[in-house]
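Asker: What follows is the file upload27.pdb, containing PDB, N, CA and C atoms, pLDDT in the B column:
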```
ATOM      1  N   MET A   1     -16.113 -13.144 -15.181  1.00 59.00           N
ATOM      2  CA  MET A   1     -15.828 -13.180 -13.750  1.00 59.00           C
ATOM      3  C   MET A   1     -16.625 -12.052 -13.095  1.00 59.00           C
ATOM      4  N   ASN A   2     -17.251 -12.356 -11.982  1.00 85.00           N
ATOM      5  CA  ASN A   2     -18.066 -11.311 -11.373  1.00 85.00           C
ATOM      6  C   ASN A   2     -17.200 -10.251 -10.687  1.00 85.00           C
ATOM      7  N   VAL A   3     -17.816  -9.153 -10.345  1.00 91.00           N
ATOM      8  CA  VAL A   3     -17.118  -8.000  -9.780  1.00 91.00           C
ATOM      9  C   VAL A   3     -16.419  -8.341  -8.471  1.00 91.00           C
ATOM     10  N   CYS A   4     -17.061  -9.119  -7.621  1.00 92.00           N
ATOM     11  CA  CYS A   4     -16.468  -9.453  -6.328  1.00 92.00           C
ATOM     12  C   CYS A   4     -15.180 -10.248  -6.520  1.00 92.00           C
ATOM     13  N   ARG A   5     -15.188 -11.227  -7.408  1.00 94.00           N
ATOM     14  CA  ARG A   5     -13.981 -12.025  -7.670  1.00 94.00           C
ATOM     15  C   ARG A   5     -12.854 -11.134  -8.179  1.00 94.00           C
ATOM     16  N   ARG A   6     -13.181 -10.292  -9.138  1.00 95.00           N
ATOM     17  CA  ARG A   6     -12.167  -9.374  -9.691  1.00 95.00           C
ATOM     18  C   ARG A   6     -11.649  -8.442  -8.615  1.00 95.00           C
ATOM     19  N   SER A   7     -12.531  -7.984  -7.742  1.00 97.00           N
ATOM     20  CA  SER A   7     -12.129  -7.056  -6.682  1.00 97.00           C
ATOM     21  C   SER A   7     -11.164  -7.707  -5.701  1.00 97.00           C
ATOM     22  N   ILE A   8     -11.430  -8.947  -5.335  1.00 97.00           N
ATOM     23  CA  ILE A   8     -10.531  -9.663  -4.421  1.00 97.00           C
ATOM     24  C   ILE A   8      -9.142  -9.745  -5.039  1.00 97.00           C
ATOM     25  N   LEU A   9      -9.080 -10.188  -6.284  1.00 97.00           N
ATOM     26  CA  LEU A   9      -7.788 -10.328  -6.965  1.00 97.00           C
ATOM     27  C   LEU A   9      -7.113  -8.969  -7.142  1.00 97.00           C
ATOM     28  N   PHE A  10      -7.900  -7.937  -7.423  1.00 97.00           N
ATOM     29  CA  PHE A  10      -7.350  -6.597  -7.594  1.00 97.00           C
ATOM     30  C   PHE A  10      -6.723  -6.079  -6.303  1.00 97.00           C
ATOM     31  N   VAL A  11      -7.435  -6.239  -5.189  1.00 97.00           N
ATOM     32  CA  VAL A  11      -6.916  -5.772  -3.902  1.00 97.00           C
ATOM     33  C   VAL A  11      -5.595  -6.477  -3.581  1.00 97.00           C
ATOM     34  N   LEU A  12      -5.567  -7.782  -3.779  1.00 98.00           N
ATOM     35  CA  LEU A  12      -4.328  -8.525  -3.516  1.00 98.00           C
ATOM     36  C   LEU A  12      -3.204  -8.037  -4.432  1.00 98.00           C
ATOM     37  N   GLU A  13      -3.516  -7.818  -5.687  1.00 97.00           N
ATOM     38  CA  GLU A  13      -2.514  -7.331  -6.646  1.00 97.00           C
ATOM     39  C   GLU A  13      -1.981  -5.958  -6.248  1.00 97.00           C
ATOM     40  N   VAL A  14      -2.867  -5.040  -5.928  1.00 97.00           N
ATOM     41  CA  VAL A  14      -2.464  -3.682  -5.551  1.00 97.00           C
ATOM     42  C   VAL A  14      -1.597  -3.707  -4.297  1.00 97.00           C
ATOM     43  N   ARG A  15      -1.908  -4.621  -3.397  1.00 97.00           N
ATOM     44  CA  ARG A  15      -1.133  -4.738  -2.156  1.00 97.00           C
ATOM     45  C   ARG A  15       0.178  -5.499  -2.366  1.00 97.00           C
ATOM     46  N   GLY A  16       0.404  -6.009  -3.574  1.00 97.00           N
ATOM     47  CA  GLY A  16       1.648  -6.713  -3.870  1.00 97.00           C
ATOM     48  C   GLY A  16       1.706  -8.117  -3.301  1.00 97.00           C
ATOM     49  N   ILE A  17       0.547  -8.723  -3.075  1.00 97.00           N
ATOM     50  CA  ILE A  17       0.485 -10.067  -2.511  1.00 97.00           C
ATOM     51  C   ILE A  17       0.382 -11.078  -3.655  1.00 97.00           C
ATOM     52  N   PRO A  18       1.355 -11.990  -3.744  1.00 97.00           N
ATOM     53  CA  PRO A  18       1.315 -13.006  -4.805  1.00 97.00           C
ATOM     54  C   PRO A  18       0.107 -13.924  -4.655  1.00 97.00           C
ATOM     55  N   VAL A  19      -0.467 -14.303  -5.773  1.00 97.00           N
ATOM     56  CA  VAL A  19      -1.629 -15.190  -5.790  1.00 97.00           C
ATOM     57  C   VAL A  19      -1.259 -16.445  -6.582  1.00 97.00           C
ATOM     58  N   SER A  20      -1.229 -17.575  -5.898  1.00 96.00           N
ATOM     59  CA  SER A  20      -0.905 -18.835  -6.567  1.00 96.00           C
ATOM     60  C   SER A  20      -2.054 -19.244  -7.485  1.00 96.00           C
ATOM     61  N   ASP A  21      -1.751 -20.174  -8.376  1.00 96.00           N
ATOM     62  CA  ASP A  21      -2.791 -20.678  -9.279  1.00 96.00           C
ATOM     63  C   ASP A  21      -3.935 -21.316  -8.506  1.00 96.00           C
ATOM     64  N   SER A  22      -3.606 -22.030  -7.425  1.00 95.00           N
ATOM     65  CA  SER A  22      -4.669 -22.700  -6.660  1.00 95.00           C
ATOM     66  C   SER A  22      -5.568 -21.683  -5.948  1.00 95.00           C
ATOM     67  N   VAL A  23      -4.983 -20.603  -5.434  1.00 97.00           N
ATOM     68  CA  VAL A  23      -5.782 -19.554  -4.790  1.00 97.00           C
ATOM     69  C   VAL A  23      -6.635 -18.843  -5.835  1.00 97.00           C
ATOM     70  N   ARG A  24      -6.031 -18.521  -6.976  1.00 96.00           N
ATOM     71  CA  ARG A  24      -6.781 -17.857  -8.056  1.00 96.00           C
ATOM     72  C   ARG A  24      -7.959 -18.729  -8.496  1.00 96.00           C
ATOM     73  N   GLU A  25      -7.723 -20.033  -8.638  1.00 96.00           N
ATOM     74  CA  GLU A  25      -8.794 -20.932  -9.056  1.00 96.00           C
ATOM     75  C   GLU A  25      -9.908 -20.982  -8.014  1.00 96.00           C
ATOM     76  N   ARG A  26      -9.534 -21.032  -6.759  1.00 96.00           N
ATOM     77  CA  ARG A  26     -10.548 -21.084  -5.696  1.00 96.00           C
ATOM     78  C   ARG A  26     -11.405 -19.822  -5.694  1.00 96.00           C
ATOM     79  N   ILE A  27     -10.774 -18.675  -5.887  1.00 96.00           N
ATOM     80  CA  ILE A  27     -11.515 -17.409  -5.930  1.00 96.00           C
ATOM     81  C   ILE A  27     -12.413 -17.356  -7.161  1.00 96.00           C
ATOM     82  N   THR A  28     -11.881 -17.706  -8.319  1.00 95.00           N
ATOM     83  CA  THR A  28     -12.635 -17.547  -9.564  1.00 95.00           C
ATOM     84  C   THR A  28     -13.731 -18.587  -9.755  1.00 95.00           C
ATOM     85  N   THR A  29     -13.681 -19.684  -9.009  1.00 95.00           N
ATOM     86  CA  THR A  29     -14.725 -20.700  -9.155  1.00 95.00           C
ATOM     87  C   THR A  29     -15.763 -20.652  -8.038  1.00 95.00           C
ATOM     88  N   CYS A  30     -15.553 -19.814  -7.052  1.00 94.00           N
ATOM     89  CA  CYS A  30     -16.500 -19.708  -5.941  1.00 94.00           C
ATOM     90  C   CYS A  30     -17.830 -19.124  -6.429  1.00 94.00           C
ATOM     91  N   THR A  31     -18.920 -19.666  -5.933  1.00 93.00           N
ATOM     92  CA  THR A  31     -20.250 -19.164  -6.289  1.00 93.00           C
ATOM     93  C   THR A  31     -21.018 -18.641  -5.074  1.00 93.00           C
ATOM     94  N   ASP A  32     -20.411 -18.706  -3.902  1.00 93.00           N
ATOM     95  CA  ASP A  32     -21.049 -18.276  -2.659  1.00 93.00           C
ATOM     96  C   ASP A  32     -20.748 -16.788  -2.425  1.00 93.00           C
ATOM     97  N   LEU A  33     -21.750 -15.945  -2.634  1.00 92.00           N
ATOM     98  CA  LEU A  33     -21.542 -14.497  -2.526  1.00 92.00           C
ATOM     99  C   LEU A  33     -21.152 -14.058  -1.117  1.00 92.00           C
ATOM    100  N   ASP A  34     -21.718 -14.682  -0.099  1.00 93.00           N
ATOM    101  CA  ASP A  34     -21.345 -14.326   1.274  1.00 93.00           C
ATOM    102  C   ASP A  34     -19.882 -14.642   1.541  1.00 93.00           C
ATOM    103  N   ARG A  35     -19.443 -15.793   1.067  1.00 94.00           N
ATOM    104  CA  ARG A  35     -18.040 -16.178   1.239  1.00 94.00           C
ATOM    105  C   ARG A  35     -17.128 -15.189   0.499  1.00 94.00           C
ATOM    106  N   MET A  36     -17.494 -14.831  -0.733  1.00 95.00           N
ATOM    107  CA  MET A  36     -16.676 -13.887  -1.494  1.00 95.00           C
ATOM    108  C   MET A  36     -16.624 -12.521  -0.817  1.00 95.00           C
ATOM    109  N   ASP A  37     -17.739 -12.103  -0.227  1.00 94.00           N
ATOM    110  CA  ASP A  37     -17.740 -10.837   0.523  1.00 94.00           C
ATOM    111  C   ASP A  37     -16.755 -10.901   1.689  1.00 94.00           C
ATOM    112  N   ALA A  38     -16.738 -12.036   2.380  1.00 94.00           N
ATOM    113  CA  ALA A  38     -15.800 -12.199   3.498  1.00 94.00           C
ATOM    114  C   ALA A  38     -14.361 -12.174   2.988  1.00 94.00           C
ATOM    115  N   TRP A  39     -14.104 -12.837   1.867  1.00 96.00           N
ATOM    116  CA  TRP A  39     -12.753 -12.837   1.293  1.00 96.00           C
ATOM    117  C   TRP A  39     -12.341 -11.428   0.879  1.00 96.00           C
ATOM    118  N   LEU A  40     -13.277 -10.684   0.301  1.00 96.00           N
ATOM    119  CA  LEU A  40     -12.967  -9.317  -0.108  1.00 96.00           C
ATOM    120  C   LEU A  40     -12.595  -8.475   1.111  1.00 96.00           C
ATOM    121  N   GLU A  41     -13.346  -8.613   2.173  1.00 95.00           N
ATOM    122  CA  GLU A  41     -13.031  -7.883   3.403  1.00 95.00           C
ATOM    123  C   GLU A  41     -11.650  -8.281   3.917  1.00 95.00           C
ATOM    124  N   ARG A  42     -11.375  -9.579   3.948  1.00 96.00           N
ATOM    125  CA  ARG A  42     -10.068 -10.059   4.429  1.00 96.00           C
ATOM    126  C   ARG A  42      -8.920  -9.652   3.515  1.00 96.00           C
ATOM    127  N   SER A  43      -9.192  -9.488   2.226  1.00 97.00           N
ATOM    128  CA  SER A  43      -8.121  -9.164   1.272  1.00 97.00           C
ATOM    129  C   SER A  43      -7.442  -7.838   1.610  1.00 97.00           C
ATOM    130  N   ARG A  44      -8.115  -7.004   2.374  1.00 96.00           N
ATOM    131  CA  ARG A  44      -7.538  -5.706   2.759  1.00 96.00           C
ATOM    132  C   ARG A  44      -6.441  -5.834   3.800  1.00 96.00           C
ATOM    133  N   THR A  45      -6.420  -6.968   4.545  1.00 96.00           N
ATOM    134  CA  THR A  45      -5.508  -7.058   5.679  1.00 96.00           C
ATOM    135  C   THR A  45      -4.617  -8.296   5.710  1.00 96.00           C
ATOM    136  N   VAL A  46      -4.907  -9.312   4.903  1.00 96.00           N
ATOM    137  CA  VAL A  46      -4.108 -10.542   4.956  1.00 96.00           C
ATOM    138  C   VAL A  46      -2.662 -10.289   4.532  1.00 96.00           C
ATOM    139  N   GLU A  47      -1.779 -11.137   5.031  1.00 96.00           N
ATOM    140  CA  GLU A  47      -0.365 -11.043   4.642  1.00 96.00           C
ATOM    141  C   GLU A  47      -0.049 -11.981   3.490  1.00 96.00           C
ATOM    142  N   ARG A  48      -0.842 -13.048   3.354  1.00 97.00           N
ATOM    143  CA  ARG A  48      -0.686 -14.009   2.268  1.00 97.00           C
ATOM    144  C   ARG A  48      -2.067 -14.293   1.684  1.00 97.00           C
ATOM    145  N   ALA A  49      -2.124 -14.543   0.392  1.00 97.00           N
ATOM    146  CA  ALA A  49      -3.412 -14.810  -0.249  1.00 97.00           C
ATOM    147  C   ALA A  49      -4.111 -16.011   0.373  1.00 97.00           C
ATOM    148  N   GLU A  50      -3.341 -17.012   0.785  1.00 96.00           N
ATOM    149  CA  GLU A  50      -3.921 -18.207   1.392  1.00 96.00           C
ATOM    150  C   GLU A  50      -4.660 -17.888   2.688  1.00 96.00           C
ATOM    151  N   ASP A  51      -4.297 -16.796   3.323  1.00 96.00           N
ATOM    152  CA  ASP A  51      -4.951 -16.400   4.574  1.00 96.00           C
ATOM    153  C   ASP A  51      -6.406 -15.969   4.374  1.00 96.00           C
ATOM    154  N   LEU A  52      -6.817 -15.742   3.138  1.00 95.00           N
ATOM    155  CA  LEU A  52      -8.226 -15.431   2.878  1.00 95.00           C
ATOM    156  C   LEU A  52      -9.117 -16.552   3.380  1.00 95.00           C
ATOM    157  N   PHE A  53      -8.616 -17.785   3.321  1.00 93.00           N
ATOM    158  CA  PHE A  53      -9.432 -18.969   3.565  1.00 93.00           C
ATOM    159  C   PHE A  53      -9.308 -19.521   4.979  1.00 93.00           C
ATOM    160  N   VAL A  54      -8.611 -18.851   5.856  1.00 87.00           N
ATOM    161  CA  VAL A  54      -8.329 -19.371   7.193  1.00 87.00           C
ATOM    162  C   VAL A  54      -9.587 -19.797   7.928  1.00 87.00           C
ATOM    163  N   GLU A  55     -10.642 -19.056   7.840  1.00 76.00           N
ATOM    164  CA  GLU A  55     -11.861 -19.368   8.585  1.00 76.00           C
ATOM    165  C   GLU A  55     -12.828 -20.237   7.796  1.00 76.00           C
ATOM    166  N   ASP A  56     -12.446 -20.663   6.588  1.00 62.00           N
ATOM    167  CA  ASP A  56     -13.323 -21.490   5.783  1.00 62.00           C
ATOM    168  C   ASP A  56     -13.182 -22.952   6.180  1.00 62.00           C
ATOM    169  N   PRO A  57     -14.285 -23.624   6.460  1.00 56.00           N
ATOM    170  CA  PRO A  57     -14.227 -24.983   6.990  1.00 56.00           C
ATOM    171  C   PRO A  57     -13.631 -26.014   6.040  1.00 56.00           C
ATOM    172  N   GLU A  58     -13.655 -25.797   4.721  1.00 55.00           N
ATOM    173  CA  GLU A  58     -13.151 -26.819   3.821  1.00 55.00           C
ATOM    174  C   GLU A  58     -11.642 -26.792   3.650  1.00 55.00           C
ATOM    175  N   VAL A  59     -10.951 -25.987   4.434  1.00 47.00           N
ATOM    176  CA  VAL A  59      -9.495 -25.965   4.398  1.00 47.00           C
ATOM    177  C   VAL A  59      -8.988 -26.496   5.730  1.00 47.00           C
ATOM    178  N   PRO A  60      -8.877 -27.819   5.850  1.00 46.00           N
ATOM    179  CA  PRO A  60      -8.476 -28.401   7.124  1.00 46.00           C
ATOM    180  C   PRO A  60      -7.097 -27.938   7.551  1.00 46.00           C
ATOM    181  N   GLY A  61      -6.987 -27.521   8.798  1.00 45.00           N
ATOM    182  CA  GLY A  61      -5.696 -27.147   9.347  1.00 45.00           C
ATOM    183  C   GLY A  61      -5.133 -25.847   8.862  1.00 45.00           C
ATOM    184  N   ALA A  62      -5.863 -25.098   8.077  1.00 43.00           N
ATOM    185  CA  ALA A  62      -5.340 -23.824   7.576  1.00 43.00           C
ATOM    186  C   ALA A  62      -5.239 -22.836   8.719  1.00 43.00           C
ATOM    187  N   SER A  63      -4.125 -22.148   8.755  1.00 43.00           N
ATOM    188  CA  SER A  63      -3.950 -21.108   9.766  1.00 43.00           C
ATOM    189  C   SER A  63      -2.912 -20.133   9.277  1.00 43.00           C
ATOM    190  N   PRO A  64      -2.918 -18.904   9.778  1.00 44.00           N
ATOM    191  CA  PRO A  64      -1.950 -17.904   9.326  1.00 44.00           C
ATOM    192  C   PRO A  64      -0.507 -18.300   9.614  1.00 44.00           C
ATOM    193  N   GLU A  65      -0.291 -19.222  10.577  1.00 41.00           N
ATOM    194  CA  GLU A  65       1.065 -19.600  10.918  1.00 41.00           C
ATOM    195  C   GLU A  65       1.670 -20.574   9.929  1.00 41.00           C
ATOM    196  N   GLN A  66       0.847 -21.221   9.114  1.00 39.00           N
ATOM    197  CA  GLN A  66       1.365 -22.199   8.171  1.00 39.00           C
ATOM    198  C   GLN A  66       2.144 -21.524   7.057  1.00 39.00           C
ATOM    199  N   ASP A  67       3.211 -22.191   6.614  1.00 34.00           N
ATOM    200  CA  ASP A  67       3.998 -21.679   5.476  1.00 34.00           C
ATOM    201  C   ASP A  67       3.857 -22.591   4.300  1.00 34.00           C
TER     202      ASP A  67
END
```
In structure tokens, how does this file's structure come out?

Answerer:
Amino acid sequence: MNVCRRSILFVLEVRGIPVSDSVRERITTCTDLDRMDAWLERSRTVERAEDLFVEDPEVPGASPEQD
């Protein structure tokens, strides 16, 4: 696993944010470095791991308000 992927998961872990299997899989299988950089930046402030993907176009209807 590359450093960026590990860093995203580490930041979420340190912040006590649970990471579902589907979120972990999405992070660990991503190959787009720009996208991973954006996720790493967002990992510092999100309230839920799923919020990393809010601005990603392939997640239809995703928003921070969703539960």

Asker: Each residue of range 4-30 of chain A with at least one atom at most 6 Å from range 45-51 of chain A should appear once, together with its nearest atom pair and the corresponding distance in Å (one decimal); atoms considered: all atoms listed in the file; ordering: chain, then increasing residue number; output as JSON lines.

Answerer:
```
{"residue": "A:Ile17", "atom": "C", "partner": "A:Ala49", "partner_atom": "N", "distance": 5.9}
{"residue": "A:Pro18", "atom": "C", "partner": "A:Ala49", "partner_atom": "N", "distance": 5.6}
{"residue": "A:Val19", "atom": "CA", "partner": "A:Ala49", "partner_atom": "CA", "distance": 5.8}
```

Asker: If we draw a sphere of 8 Å around (-7.4, -20.4, 0.5), which residues have at least one atom in it when counting only N, CA and C atoms? Please report them as an MDAnalysis selection string.

Answerer: chainID A and resid 22:24 26:27 49:54 56 59

Asker: Provide the atom N of Asp37 in chain A to atom N of Val14 in chain A distance in Å, to one decimal place.

Answerer: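 Taking atom N of Asp37 in chain A as the start and atom N of Val14 in chain A as the end point, the length is 17.4 Å.
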
Asker: The PyMOL selection byres (((chain A and resi 9 and name CA) around 12) and name CA) on the file shown: which residues, as a VMD selection string?

Answerer: chain A and resid 1 to 8 10 to 21 23 to 28 36 39 to 44 49 52

Asker: For the residues in the current selection, export N, CA and C atoms as a CSV table (one decimal), in the frame of the given file.

Answerer:
```
chain,number,residue,atom,x,y,z
A,1,MET,N,-16.1,-13.1,-15.2
A,1,MET,CA,-15.8,-13.2,-13.8
A,1,MET,C,-16.6,-12.1,-13.1
A,2,ASN,N,-17.3,-12.4,-12.0
A,2,ASN,CA,-18.1,-11.3,-11.4
A,2,ASN,C,-17.2,-10.3,-10.7
A,3,VAL,N,-17.8,-9.2,-10.3
A,3,VAL,CA,-17.1,-8.0,-9.8
A,3,VAL,C,-16.4,-8.3,-8.5
A,4,CYS,N,-17.1,-9.1,-7.6
A,4,CYS,CA,-16.5,-9.5,-6.3
A,4,CYS,C,-15.2,-10.2,-6.5
A,5,ARG,N,-15.2,-11.2,-7.4
A,5,ARG,CA,-14.0,-12.0,-7.7
A,5,ARG,C,-12.9,-11.1,-8.2
A,6,ARG,N,-13.2,-10.3,-9.1
A,6,ARG,CA,-12.2,-9.4,-9.7
A,6,ARG,C,-11.6,-8.4,-8.6
A,7,SER,N,-12.5,-8.0,-7.7
A,7,SER,CA,-12.1,-7.1,-6.7
A,7,SER,C,-11.2,-7.7,-5.7
A,8,ILE,N,-11.4,-8.9,-5.3
A,8,ILE,CA,-10.5,-9.7,-4.4
A,8,ILE,C,-9.1,-9.7,-5.0
A,10,PHE,N,-7.9,-7.9,-7.4
A,10,PHE,CA,-7.4,-6.6,-7.6
A,10,PHE,C,-6.7,-6.1,-6.3
A,11,VAL,N,-7.4,-6.2,-5.2
A,11,VAL,CA,-6.9,-5.8,-3.9
A,11,VAL,C,-5.6,-6.5,-3.6
A,12,LEU,N,-5.6,-7.8,-3.8
A,12,LEU,CA,-4.3,-8.5,-3.5
A,12,LEU,C,-3.2,-8.0,-4.4
A,13,GLU,N,-3.5,-7.8,-5.7
A,13,GLU,CA,-2.5,-7.3,-6.6
A,13,GLU,C,-2.0,-6.0,-6.2
A,14,VAL,N,-2.9,-5.0,-5.9
A,14,VAL,CA,-2.5,-3.7,-5.6
A,14,VAL,C,-1.6,-3.7,-4.3
A,15,ARG,N,-1.9,-4.6,-3.4
A,15,ARG,CA,-1.1,-4.7,-2.2
A,15,ARG,C,0.2,-5.5,-2.4
A,16,GLY,N,0.4,-6.0,-3.6
A,16,GLY,CA,1.6,-6.7,-3.9
A,16,GLY,C,1.7,-8.1,-3.3
A,17,ILE,N,0.5,-8.7,-3.1
A,17,ILE,CA,0.5,-10.1,-2.5
A,17,ILE,C,0.4,-11.1,-3.7
A,18,PRO,N,1.4,-12.0,-3.7
A,18,PRO,CA,1.3,-13.0,-4.8
A,18,PRO,C,0.1,-13.9,-4.7
A,19,VAL,N,-0.5,-14.3,-5.8
A,19,VAL,CA,-1.6,-15.2,-5.8
A,19,VAL,C,-1.3,-16.4,-6.6
A,20,SER,N,-1.2,-17.6,-5.9
A,20,SER,CA,-0.9,-18.8,-6.6
A,20,SER,C,-2.1,-19.2,-7.5
A,21,ASP,N,-1.8,-20.2,-8.4
A,21,ASP,CA,-2.8,-20.7,-9.3
A,21,ASP,C,-3.9,-21.3,-8.5
A,23,VAL,N,-5.0,-20.6,-5.4
A,23,VAL,CA,-5.8,-19.6,-4.8
A,23,VAL,C,-6.6,-18.8,-5.8
A,24,ARG,N,-6.0,-18.5,-7.0
A,24,ARG,CA,-6.8,-17.9,-8.1
A,24,ARG,C,-8.0,-18.7,-8.5
A,25,GLU,N,-7.7,-20.0,-8.6
A,25,GLU,CA,-8.8,-20.9,-9.1
A,25,GLU,C,-9.9,-21.0,-8.0
A,26,ARG,N,-9.5,-21.0,-6.8
A,26,ARG,CA,-10.5,-21.1,-5.7
A,26,ARG,C,-11.4,-19.8,-5.7
A,27,ILE,N,-10.8,-18.7,-5.9
A,27,ILE,CA,-11.5,-17.4,-5.9
A,27,ILE,C,-12.4,-17.4,-7.2
A,28,THR,N,-11.9,-17.7,-8.3
A,28,THR,CA,-12.6,-17.5,-9.6
A,28,THR,C,-13.7,-18.6,-9.8
A,36,MET,N,-17.5,-14.8,-0.7
A,36,MET,CA,-16.7,-13.9,-1.5
A,36,MET,C,-16.6,-12.5,-0.8
A,39,TRP,N,-14.1,-12.8,1.9
A,39,TRP,CA,-12.8,-12.8,1.3
A,39,TRP,C,-12.3,-11.4,0.9
A,40,LEU,N,-13.3,-10.7,0.3
A,40,LEU,CA,-13.0,-9.3,-0.1
A,40,LEU,C,-12.6,-8.5,1.1
A,41,GLU,N,-13.3,-8.6,2.2
A,41,GLU,CA,-13.0,-7.9,3.4
A,41,GLU,C,-11.6,-8.3,3.9
A,42,ARG,N,-11.4,-9.6,3.9
A,42,ARG,CA,-10.1,-10.1,4.4
A,42,ARG,C,-8.9,-9.7,3.5
A,43,SER,N,-9.2,-9.5,2.2
A,43,SER,CA,-8.1,-9.2,1.3
A,43,SER,C,-7.4,-7.8,1.6
A,44,ARG,N,-8.1,-7.0,2.4
A,44,ARG,CA,-7.5,-5.7,2.8
A,44,ARG,C,-6.4,-5.8,3.8
A,49,ALA,N,-2.1,-14.5,0.4
A,49,ALA,CA,-3.4,-14.8,-0.2
A,49,ALA,C,-4.1,-16.0,0.4
A,52,LEU,N,-6.8,-15.7,3.1
A,52,LEU,CA,-8.2,-15.4,2.9
A,52,LEU,C,-9.1,-16.6,3.4
```

Asker: Please put the answer as AutoDock Vina command-line options: centre and edge lengths, in Å with one decimal, of a box along x, y and z that encloses all listed atoms of range 5-10 of chain A plus 5 Å on each side.

Answerer:
```
--center_x -11.0 --center_y -9.1 --center_z -7.1 --size_x 18.5 --size_y 15.9 --size_z 15.3
```

Asker: When DSSP works through the backbone of this structure, what residues of range 20-58 of chain A end up as alpha helix (DSSP H), shown as a PyMOL selection string?

Answerer: chain A and resi 21-29+33-43
